[in-house]
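Peer 1: Input: one structure, supplied below.
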Amino acid sequence: MEKKWEEMSADEKQEAQFQKLLAPKDPEGKDIQFQSSEAEKSYKERITRIKDAIQLKKLPDRVPACPLPNMFPFNYAGLTIQEAMYDYDKCVAAFKKYVLDFEPDMHIGASGPGPGKFYEILDYKLYAWPGHGVAPTSSYQCHEGEYMKAEEYDILITDPTFFFSNVYLPRVFGALEPWGMLPLLPGIVEMYGVAFSFIPFGLPPVQGTYKALFEAGAEALKWAMAMGGVDGELKTLGFPNILGGFTKAPFDIIGDTLRGTKGIMMDMYRQPNKLLQALETITPIMINMGLGAARQTGNPLIFMPLHKGADGFLSDEQYKKFYWPTFNQVMVGLIEGGCIPLPAAEGGYNTRLQVIKDLPKGKTLWMFDQTDIIKAKEIVGDTLCILGNVPSAMLQLATPQDVKDYCKKLIDTVGKGGGFIMGNGAFFDEAKPENVKAMIDFTKEYGVYK
Amino acid sequence: MSGELVRLLSDLKEPEALAFVEKALGEGVDPMDLLGQAKEAMNIVGQRFASSEYFIPDLVFSGVILKRIVEMLEPHIKKGQEAERLGKVIIGTVAGDIHDIGKDLVVFMLDVNGFEVLDLGIDVPIEKFVDTIKETGTKVVGLSGFLTLAFQSMKDTVNGIKEAGLRDKVKIMIGGGQIDEQVRGFTGADAYGKDAMEAVSLAKGWIGG
């Protein structure tokens, strides 16, 4: 009899996730119909190739070629970012074109641009996007700020959900501003006084927020259907997307969009204990966010963009005190749940390699950007799978021959013995198509393990 | 007592440094002396950052403490007493890009190293760079950018400066997340710096000081 999920070890869970990917089902639970037997063969070869690269148990047949672009597919198809955000059909058509033209071993779906109208309905203030603060051709960009104030740690620590519903969301979504009036839900416990708690829902501004939510939800659903549709179609053509969802290191949650870079840096001096407590509070939530997304999508890879722990952003001591403990807990929680964390170390991560090398073997996939990737192979190559690191500048400005030379160097060094996936170092918007093509085609040709 | 503020600020002792300034002002210590000490301390902070003893949070926090000290000193300082500056540097994040963390660090490091920095902010149009160069006669311009679209935007900005007939009057340095020598060549800038310290040495090389 098959073991129950809860009884499996982390190893068994991860293996089960891959086996599930190797026998893909449609939403009704039936085996999916591939469009050809070649498509089925390539699909399974691709999953196996990625699995072997990640698990570090078996040498893959060759180095997988998996660029992880940001807005490049849409630029490549001649769309503006604005079009990709507002016209879902054009967005998925462009993405399909990218996958079919470049034939990567894995893609991460067309959801990068996101649903422009959805952001409009909720009046999202955290970002500038085309038509809302940046040009139609520009990708969305964050408005840094202190969306959580220095004196609000206690609210976050005591009741994170209340903090988000009544304090944070009203600040970042204009349409949810009246949520500051929402009642404290754990106060709804007995008949006496219960009706008082519901008065806010009778107030027109609060009622207005729900109208906006229904509309936003419908828009999100419409968008998600388009995204899911292209994923399903590409799968039947042999191109897997194994991205299950995303979560973040707790330090980045607070440092990116709650307190902001400057805010969290001041908190490290002025209220370090509150910051540490808040990081602890957020940790299980970040684990559940990743596990929940993986359950929903059926895919095991959980993307974690890393920001404020890069070289230079923190001293070793600060990294070990504030960043690493809860980041590590999140990764371990994901691994125990059968997921594969995909941390993307933007910038350099050279000074952190000695710390991350103690992660469980074969359970994480790391995207490195400006880290000395040969050094990384030496230090963490026995522990984790490395993805990277063709520079953005090279993809946009160099020649295909330069790209090939660089990829050759990567395959000869980082690719040695497996545990390597060819990719870009940072998420890119602009690139010469022939350079992206060179990166993929050369890897397929030269990256075969003998 | 002289030098105490240098130590407190350079060691990032916020409450102690502020209390010291308050007490010193009450005792009639010359505010210019305190300001001089604060500057000396910031110089030490810059040196510690350059030698990897301090990191970005330390730099940011020293800036926060300095700002509070200057706010306390300002009412006591007569106009025209500010020290001479090395020279003017214009900095901005190029059009289309609204990222500012890297740029702000460069501004900070140039400032504590004695330069007068004109920070044009983010998403800066070409004309604004051109106009500011004309108005100030600066010799050094810094272009910042985080996204890959900034490569083209930097090139356009360098070209705009050239078309305005100002290219031989200024040295242009670029920097930011994905910037490297290849991008420098593409944009036609004079140099790229991989971090804030390199921006300082480039500016010093061009302006002197």
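By convention here, the chains of the structure tokens are called A, B, ... in the order presented, each chain's residues are numbered starting at 1, and ligands are numbered starting at 1 in the order presented.
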Give as an MDAnalysis selection string every residue of chain B that touches chain A within 12 Å, counting only C-alpha atoms.
Peer 2: chainID B and resid 11:15 49:65 95:102 104:105 122:124 146:153 176:187 194:196
Peer 1: I need the residues of segment 5-168 of chain B that end up classed as strand (DSSP E or B) by DSSP on the backbone, written out as a list in words.
Peer 2: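 Going through segment 5-168 of chain B, the strand (DSSP E or B) residues come out as Lys88, Val89, Ile90, Ile91, Gly92, Thr93, Val94, Glu116, Val117, Leu118, Asp119, Val124, Val140, Val141, Gly142, Leu143 and Ser144 of chain B.
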Peer 1: Could the residues in this selection be written to a file with N, CA and C atoms, as a PDB file, in the first residue's frame?
Peer 2:
ATOM      1  N   LYS B  88      31.061  70.036  -7.573  1.00  0.00           N
ATOM      2  CA  LYS B  88      29.674  69.588  -7.717  1.00  0.00           C
ATOM      3  C   LYS B  88      29.579  68.300  -8.530  1.00  0.00           C
ATOM      4  N   VAL B  89      28.716  67.414  -8.077  1.00  0.00           N
ATOM      5  CA  VAL B  89      28.426  66.196  -8.825  1.00  0.00           C
ATOM      6  C   VAL B  89      26.909  66.096  -8.997  1.00  0.00           C
ATOM      7  N   ILE B  90      26.492  65.835 -10.231  1.00  0.00           N
ATOM      8  CA  ILE B  90      25.063  65.654 -10.492  1.00  0.00           C
ATOM      9  C   ILE B  90      24.770  64.161 -10.577  1.00  0.00           C
ATOM     10  N   ILE B  91      23.725  63.737  -9.878  1.00  0.00           N
ATOM     11  CA  ILE B  91      23.371  62.309  -9.880  1.00  0.00           C
ATOM     12  C   ILE B  91      21.880  62.161 -10.144  1.00  0.00           C
ATOM     13  N   GLY B  92      21.507  61.128 -10.884  1.00  0.00           N
ATOM     14  CA  GLY B  92      20.085  60.835 -11.044  1.00  0.00           C
ATOM     15  C   GLY B  92      19.878  59.435 -11.595  1.00  0.00           C
ATOM     16  N   THR B  93      18.704  58.859 -11.297  1.00  0.00           N
ATOM     17  CA  THR B  93      18.318  57.591 -11.918  1.00  0.00           C
ATOM     18  C   THR B  93      17.685  57.932 -13.270  1.00  0.00           C
ATOM     19  N   VAL B  94      18.144  57.237 -14.307  1.00  0.00           N
ATOM     20  CA  VAL B  94      17.762  57.626 -15.669  1.00  0.00           C
ATOM     21  C   VAL B  94      16.278  57.389 -15.970  1.00  0.00           C
ATOM     22  N   GLU B 116      29.711  68.428  -3.254  1.00  0.00           N
ATOM     23  CA  GLU B 116      28.373  69.002  -3.236  1.00  0.00           C
ATOM     24  C   GLU B 116      27.560  68.192  -4.251  1.00  0.00           C
ATOM     25  N   VAL B 117      26.556  67.495  -3.786  1.00  0.00           N
ATOM     26  CA  VAL B 117      25.829  66.597  -4.673  1.00  0.00           C
ATOM     27  C   VAL B 117      24.450  67.162  -5.007  1.00  0.00           C
ATOM     28  N   LEU B 118      24.161  67.235  -6.301  1.00  0.00           N
ATOM     29  CA  LEU B 118      22.823  67.634  -6.733  1.00  0.00           C
ATOM     30  C   LEU B 118      22.101  66.362  -7.150  1.00  0.00           C
ATOM     31  N   ASP B 119      21.169  65.951  -6.322  1.00  0.00           N
ATOM     32  CA  ASP B 119      20.447  64.709  -6.575  1.00  0.00           C
ATOM     33  C   ASP B 119      19.175  65.037  -7.358  1.00  0.00           C
ATOM     34  N   VAL B 124      14.670  60.476 -14.339  1.00  0.00           N
ATOM     35  CA  VAL B 124      15.078  61.834 -14.719  1.00  0.00           C
ATOM     36  C   VAL B 124      15.168  61.969 -16.247  1.00  0.00           C
ATOM     37  N   VAL B 140      31.171  66.518 -13.224  1.00  0.00           N
ATOM     38  CA  VAL B 140      30.908  65.082 -13.086  1.00  0.00           C
ATOM     39  C   VAL B 140      29.406  64.798 -13.021  1.00  0.00           C
ATOM     40  N   VAL B 141      28.981  63.825 -13.830  1.00  0.00           N
ATOM     41  CA  VAL B 141      27.584  63.414 -13.838  1.00  0.00           C
ATOM     42  C   VAL B 141      27.536  61.909 -13.558  1.00  0.00           C
ATOM     43  N   GLY B 142      26.645  61.513 -12.666  1.00  0.00           N
ATOM     44  CA  GLY B 142      26.471  60.093 -12.368  1.00  0.00           C
ATOM     45  C   GLY B 142      25.087  59.639 -12.801  1.00  0.00           C
ATOM     46  N   LEU B 143      25.032  58.552 -13.582  1.00  0.00           N
ATOM     47  CA  LEU B 143      23.751  58.009 -14.025  1.00  0.00           C
ATOM     48  C   LEU B 143      23.534  56.664 -13.350  1.00  0.00           C
ATOM     49  N   SER B 144      22.369  56.512 -12.727  1.00  0.00           N
ATOM     50  CA  SER B 144      22.069  55.282 -12.021  1.00  0.00           C
ATOM     51  C   SER B 144      20.920  54.557 -12.706  1.00  0.00           C
TER      52      SER B 144
END
Peer 1: Please extract the residues of segment 24-122 of chain B with a backbone DSSP assignment of helix (DSSP H, G or I) and present them as a ChimeraX atom specification.
Peer 2: /B:24-26,31-50,56-76,101-112
Peer 1: Neighbouring residues of His76 of chain B were defined as those with any atom within 10 Å, considering only C-alpha atoms; residues of the same chain fewer than 4 positions away were excluded. Please report them as a PDB file with C-alpha atoms, in the first residue's frame.
Peer 2:
ATOM      1  CA  LEU B  25      25.280  73.118  23.234  1.00  0.00           C
ATOM      2  CA  ASP B  30      30.984  76.131  19.558  1.00  0.00           C
ATOM      3  CA  PRO B  31      28.427  74.480  17.218  1.00  0.00           C
ATOM      4  CA  MET B  32      30.966  74.699  14.384  1.00  0.00           C
ATOM      5  CA  GLU B  71      18.918  69.548  12.974  1.00  0.00           C
ATOM      6  CA  MET B  72      20.012  70.265  16.542  1.00  0.00           C
TER       7      MET B  72
END
Peer 1: Enter the distance from atom CA of Ala84 of chain A to atom CA of Glu215 of chain A, in Å, rounded to one decimal.
Peer 2: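 A separation of 20.1 Å between them.
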Peer 1: Which value, in Å to one decimal, gives the distance between atom CA of Met106 of chain A and atom CA of Gly232 of chain A?
Peer 2: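 Straight-line distance from atom CA of Met106 of chain A to atom CA of Gly232 of chain A works out to 13.3 Å.
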Peer 1: Can you work out the spacing between atom CA of Leu5 of chain B and atom CA of Val107 of chain B in Å, to one decimal?
Peer 2: 23.4 Å
Peer 1: List the spatial neighbours of Val200 of chain B as a PyMOL selection string - criterion: any atom at most 7 Å away, only C-alpha atoms, same-chain residues fewer than 3 positions off excluded.
Peer 2: chain B and resi 109-110+196-197+203-204
